[in-house]
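The block underneath contains the structure these notes are about, expressed in structure tokens.
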Amino acid sequence: METVVQQLLNAAQLGAVYALIALGYSMVYGVIRLINFAHGDIFMVGGFAGLLLALRFTWMPLWALMPLAMLLTALLGVAIERVAYRRLRQAQRMSLVITALGVGIFLENLVRLGVGPETRQIPSRMPTTPVAWLQDALGVSVTWDKLLIIFVSLALMALLWAVVHRTLLGTAMRAVADDKDVVPLMGVNLNRVIAVTFAIGSALAAAGGVFFGQAYSLDPYMGIDLGWKAFIAAVIGGIGSIEGAVLGSFLLAGVEVLTVAYLSSNLKNGIAFGLLILLLLIWPSGLLGRPASKKV
Amino acid sequence: MLAPPPSPRAPGPWALRGLVLGTLALAVALQLMTEAGILPEVLNPYYLHLLTVVGMNIILVASLNLLNGYLGEFALGHAGFMGVGAYAAALLAARVLPPPSSLPPFLGPLLLLLPTLAAAMAAAAAAGYLVGRATFKTVGDYLSIITLGFNMIIVNVIQNIDAVGGPRGFTGIPRNTGFAAVAACTLLTLAVLRALVQSSYGRVWLSIRENPLAAEVMGVDVNRAKLQAFTIAAAFAGLAGGLWAQYQQFITPRSFDYIKTTEILVMLYLGGMASLSGSILGVVAYTLMMELLRNLLGAFAPQLAEWRMILSPLILILVMLTRPSGLMGHREWRWLRPRGRS
């Protein structure tokens, strides 16, 4: 029993990082219907931004370092949209996807040449001391950094939900997601809404990157693997939906962690993707996604 | 009623027969040249290797074009089918069939190639059929994810089969292929695909791409057509895999994961959708670009050669920004167009 609780706690930590990435996929997909293949690499750049800041400014506490990394990565996301995606918005959808793939490969190799191909870890800026009362209650090892990662991520998701559902900007974003041809006629600045979406998505991914670099490790190609995973989580939940992305991420992380713990680490990917296909066969547009409309 | 006059330029059965015979003659000539040691004299072995890889990539890209260009789906799992073919061929060649050294020098490789490549195509086609079945209910991006998921599962399954080396890879595959066989397979693949996309099959795929609902109303069995496209495309990916395994003599599951799929996609979209000319051009342009960048940058300073990894995606982005449908999107070179029409 204890080990199950322990594994679920690990899954919650991994799921929180997946969710931070998956939200960016989902939001960008929502507004411009693009599978932003560069998003996993934006997450990677966010992690490395955190690493470089941590190495350069050793005095900087995490609560200052993380927003800074998020800000830098948000700027990168906006720049990518401006330079590489905006001109292709009206073009065939697939050329946009391939451009995104190109941006991703570019970022990977840029970081590899700039920082080196080694696996690195962000020097810990979080208390790794155990949480005594929770440990006694659950009988498993609980450390502050794990709790921080889970709860800060959840807080960021709640903030995002509030922005999307409770502010004018969020209303504009949902309107663009609904019909991006009509919305500009209502006086909404489409370019700005899309830029903000990219900024928010990239900032969330950077938060995930900084957390990931502290809890696990960073390398220039990690964005490919984690990006796909998070993307799949977004799809399981129903791409375009915030709640869906979060649900899918925790579900995927849970399946992965439990597979590694009770079956075999070699089967991790096979089971995760088998589950994905099974879920999509039952719910063809994800758990919480809007069904793809079939014109009749 | 009068029968319509035969079009003077209509392709008869002689066209296909001529092509097959011509291809075989070319392959035999190339093989004889290789074995006599003339070909390596004429063409530097490095270029020969590049050309061989280009040939295999053309098979991959052109067959993916069936799905992504003509059928209009966004399939993301082509390297998985290639892997199935590669492992099927490798198993047959290394474990079942006799080693090429025990067979006569010229006919031996050919005798080994035919069954191994047939097995590769059959195994990959079976995988393609399964994926095609799984995509019936889904459309658009969800369909892409299913194909991607299958690619990952195929790699993961192979990694867990110890009999084929698991994650360490499959070693000791005899070298039954060379430039001659790859050139012949590439030409035959292009001929078959050209015939397919210009046949009623191709028309049906195009109609599904343009409007699935309208196609269905016109009596097209959309699921059946999808299944056919997936099976055929996978079979050719398997052919490329079978060639690859018996050329490299060593395969690992990871060489067929989504990184390879991405490479195929990049070449496909660089060349352009729904265009066999584009598939050829995309592969050649991509390979040339990588080699030129390596040599040009390396000429300044050896360590600069690494920067091609940054420049090549930038060039890809520039091409997509200036020519969003790729170099040859929806166009064909004259010799690949249907005859009798302009």
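Labels used: A, B, ... for chains in the order of the structure tokens, numbers from 1 for residues in each chain, and numbers from 1 for ligands as shown.
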
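Using only C-alpha atoms, we find that the part of chain A lying within 6 Å of chain B comprises Ser95, Thr99, Gly102, Phe106, Asn109, Gly270, Phe273, Ile277 and Pro284 of chain A.
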
Contact table region 9-120 of chain A vs region 145-159 of chain A, cut-off 7 Å, shortest pair per residue, only C-alpha atoms, as a tab-separated table:
```
residue	atom	partner	partner_atom	distance
A:Ala12	CA	A:Ile150	CA	6.7
A:Gln13	CA	A:Ile150	CA	5.5
A:Ala16	CA	A:Ile150	CA	5.8
A:Leu20	CA	A:Ser153	CA	6.9
```

Can I get the selected residues back with N, CA and C atoms, as a PDB file, in the first residue's frame?
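What ended up in result-v5.pdb:
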```
ATOM      1  N   ALA A  12       2.287  12.112  -9.664  1.00  0.00           N
ATOM      2  CA  ALA A  12       1.733  13.460  -9.599  1.00  0.00           C
ATOM      3  C   ALA A  12       2.789  14.486  -9.977  1.00  0.00           C
ATOM      4  N   GLN A  13       4.034  14.249  -9.548  1.00  0.00           N
ATOM      5  CA  GLN A  13       5.108  15.180  -9.889  1.00  0.00           C
ATOM      6  C   GLN A  13       5.356  15.182 -11.395  1.00  0.00           C
ATOM      7  N   ALA A  16       2.464  16.736 -13.262  1.00  0.00           N
ATOM      8  CA  ALA A  16       2.431  18.195 -13.188  1.00  0.00           C
ATOM      9  C   ALA A  16       3.289  18.793 -14.296  1.00  0.00           C
ATOM     10  N   LEU A  20       2.074  21.050 -17.557  1.00  0.00           N
ATOM     11  CA  LEU A  20       2.567  22.393 -17.904  1.00  0.00           C
ATOM     12  C   LEU A  20       2.922  22.462 -19.387  1.00  0.00           C
TER      13      LEU A  20
END
```

Exercise. Leaving out Asp179 (chain A) and any residue of its chain fewer than 4 positions from it, which residues lie within 10 Å of it when counting only C-alpha atoms, given as a list in words?
Worked result: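 Everything that qualifies: Val31, Ile32, Arg174, Ala175, Val183 and Pro184 of chain A.
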
Problem set entry | Distance criterion (only C-alpha atoms): nearest to Ala215 (chain B) out of B:Leu30, B:Leu276, B:Leu71, B:Leu113 |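 With only C-alpha atoms as the atom set, the closest residue is B:Leu71.
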
Exercise. Skipping near chain neighbours, those fewer than 6 positions away, what residues fall within 9 Å of Leu53 (chain A) using only C-alpha atoms, listed as a PyMOL selection string?
Worked result: chain A and resi 60+65+68-69

Show me, as JSON lines, the residues of region 6-73 of chain B having an atom within 6 Å of region 224-248 of chain B, each with the closest atom pair and its distance in Å, using only C-alpha atoms.
```
{"residue": "B:Met56", "atom": "CA", "partner": "B:Ala240", "partner_atom": "CA", "distance": 5.4}
{"residue": "B:Leu60", "atom": "CA", "partner": "B:Ala237", "partner_atom": "CA", "distance": 5.2}
{"residue": "B:Ser63", "atom": "CA", "partner": "B:Ala233", "partner_atom": "CA", "distance": 4.8}
```

Exercise. Closest to Leu206 (chain B) among B:Met121, B:Leu297, B:Leu66, B:Ala191, using only C-alpha atoms?
Worked result: B:Leu66
